[in-house]
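**Q** Okay, here's the structure, questions in a sec.
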Amino acid sequence: SARRPEDFVESRLIRSQPTKASRPTKIRILLVQRPKRAGRWIANLEDLVRYIESYSHESIRLSLLMTDFEVLHPSAQQQLVENVDILIGVTGAAVAWLAYQPKGAVTLDLFPPNSAFCNEGWGRNTVSHYGGLARHAGIEHTCIEQPFEPQSERLAGESSNSQARREVRELLGGYWHGQNIRLDMEKFLMYLHQAIELVLRNLKNQ
């Protein structure tokens, strides 16, 4: 059958506002997006795009690359990750590439709500799949729970939490990690700002 728009992810590179510094500190961010039909899709990335485009700092320049790892050869995935300061993705195999980030880099591991597998906070998931990997690799890691993005119509009288549980049961075969999410921008940006500060601190200590 013909592929539809929800089968594709448009790769995009977004940069923040120019700085006054002649040699600004460049922070490279890689966000792994998945096709909408594949699950673990982030619904409102345009909110993040607008934030990055408007970000202004006298000595820091952000660049955000959004892409789908599914269409990239593993060697290309590795090369990308080896050159990023902040890796962002919905928890899954792509986050495992954090092992190839430069030492002192940062990973934001996004979770749908109510997974019972995310203990938010830097270095607080040292025995989880990717928190443990980050500990061994020398990477700053936190998971962040984000709101789920519905994949079906809400039933009459159904709460958001009930809808999420129903979708996991009926649409996702019981696999909670297949849920789509929507960025809670206030919460997400709090962690992104912390990630930027960690990158800057670790660059100074190198």
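In the structure tokens, chains take letters A, B, ... by order of appearance, with residues numbered from 1 within each chain and ligands from 1 in the order shown.
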Can you list, as a list in words, every protein, DNA or RNA residue that comes within 10 Å of Met185 (chain A) when you count only C-alpha atoms, leaving out same-chain residues fewer than 6 positions away?

**A**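 Here the qualifying residues turn out to be Asn44, Leu45, Asp47, Leu48, Tyr51, Gln146, Tyr191 and Leu192 of chain A.
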
**Q** Using only C-alpha atoms, what table do you get, as JSON lines, when you list each residue of region 95-128 of chain A with an atom no more than 10 Å from region 173-181 of chain A, its nearest pair of atoms, and their distance in Å rounded to one decimal, rows by chain then rising number?

**A**
```
{"residue": "A:Leu110", "atom": "CA", "partner": "A:Ile181", "partner_atom": "CA", "distance": 8.6}
{"residue": "A:Phe111", "atom": "CA", "partner": "A:His177", "partner_atom": "CA", "distance": 7.5}
{"residue": "A:Pro112", "atom": "CA", "partner": "A:Ile181", "partner_atom": "CA", "distance": 6.1}
{"residue": "A:Pro113", "atom": "CA", "partner": "A:Ile181", "partner_atom": "CA", "distance": 8.8}
{"residue": "A:Asn114", "atom": "CA", "partner": "A:Trp176", "partner_atom": "CA", "distance": 8.6}
{"residue": "A:Ser115", "atom": "CA", "partner": "A:Trp176", "partner_atom": "CA", "distance": 6.6}
```

**Q** Write down as number ranges by chain the residues belonging to chain A that are assigned strand (DSSP E or B) by DSSP computed on the backbone.

**A** A: 12-15, 25-32, 42, 60-67, 86-90, 106-111, 140-145, 148-149, 180-181

**Q** Need to verify the contact set: region 153-155 of chain A, 12 Å, only C-alpha atoms, exclusion of same-chain residues closer than 3 positions in sequence. Can you return it as a ChimeraX atom specification?

**A** /A:149-150,158-167

**Q** Find the spatial neighbours of Val9 (chain A), counting only C-alpha atoms, within a cut-off of 10 Å - ignore same-chain residues fewer than 3 positions away - and output them as a list in words.

**A** Pro5, Glu6, Arg12, Val32, Gln33, Arg34, Pro35, Lys36, Trp41, Met66, Thr67, Asp68, Phe69, Glu70 and Val71 of chain A

**Q** Can you tell me how far CA of Asn125 (chain A) sits from CA of Ala137 (chain A), in Å to one decimal?

**A** 13.8 Å

**Q** Would you work out the distance separating CA of Tyr100 (chain A) from CA of Val81 (chain A), expressed in Å to one decimal?

**A**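 Computing it gives 6.2 Å between the two atoms.
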
**Q** What does the distance from CA of His193 (chain A) to CA of Gly123 (chain A) come to in Å, to one decimal?

**A** 16.4 Å

**Q** Please list as an MDAnalysis selection string every residue within 12 Å of Thr107 (chain A), counting only C-alpha atoms and excluding residues in the same chain fewer than 6 positions away.

**A** chainID A and resid 28:32 81 84:91 94:101 121:123 130:131 133:135 137:144 191:192 194:196 198:199

**Q** Tell me which protein, DNA and RNA residues are within 7 Å of Ile14 (chain A), counting only C-alpha atoms, leaving out same-chain ones fewer than 5 positions away, and put them as a list of chain:residue names.

**A**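 So, after excluding close chain neighbours, the residues are A:Val49, A:Ile52, A:Glu53, A:Ser63, A:Leu64, A:Leu65.
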
**Q** Write the residues of the preceding selection, restricted to C-alpha atoms, as a PDB file, in the first residue's frame.

**A**
```pdb
ATOM      1  CA  VAL A  49      11.212  24.225  17.181  1.00  0.00           C
ATOM      2  CA  ILE A  52      14.983  26.844  19.745  1.00  0.00           C
ATOM      3  CA  GLU A  53      14.469  29.430  16.989  1.00  0.00           C
ATOM      4  CA  SER A  63      21.504  23.634  17.107  1.00  0.00           C
ATOM      5  CA  LEU A  64      18.762  21.013  17.054  1.00  0.00           C
ATOM      6  CA  LEU A  65      18.736  18.141  14.564  1.00  0.00           C
TER       7      LEU A  65
END
```

**Q** With distances taken over only C-alpha atoms, which residue among A:Ser75, A:Ser56, A:Thr25, A:Ser16 lies nearest Leu203 (chain A)?

**A**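 For Leu203 (chain A), the nearest of the given residues is A:Thr25.
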
**Q** Select from chain A everything DSSP, run on the backbone, classes as alpha helix (DSSP H), then give the selection as a VMD selection string.

**A** chain A and resid 45 to 54 74 to 81 129 to 137 160 to 170 185 to 204

**Q** Give the answer as one residue: which of A:Ile42, A:Ile27, A:Leu200, A:Ala76 has the shortest atom-to-atom distance to Arg61 (chain A), using only C-alpha atoms?

**A**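 The answer is A:Ile27, which sits nearest to Arg61 (chain A).
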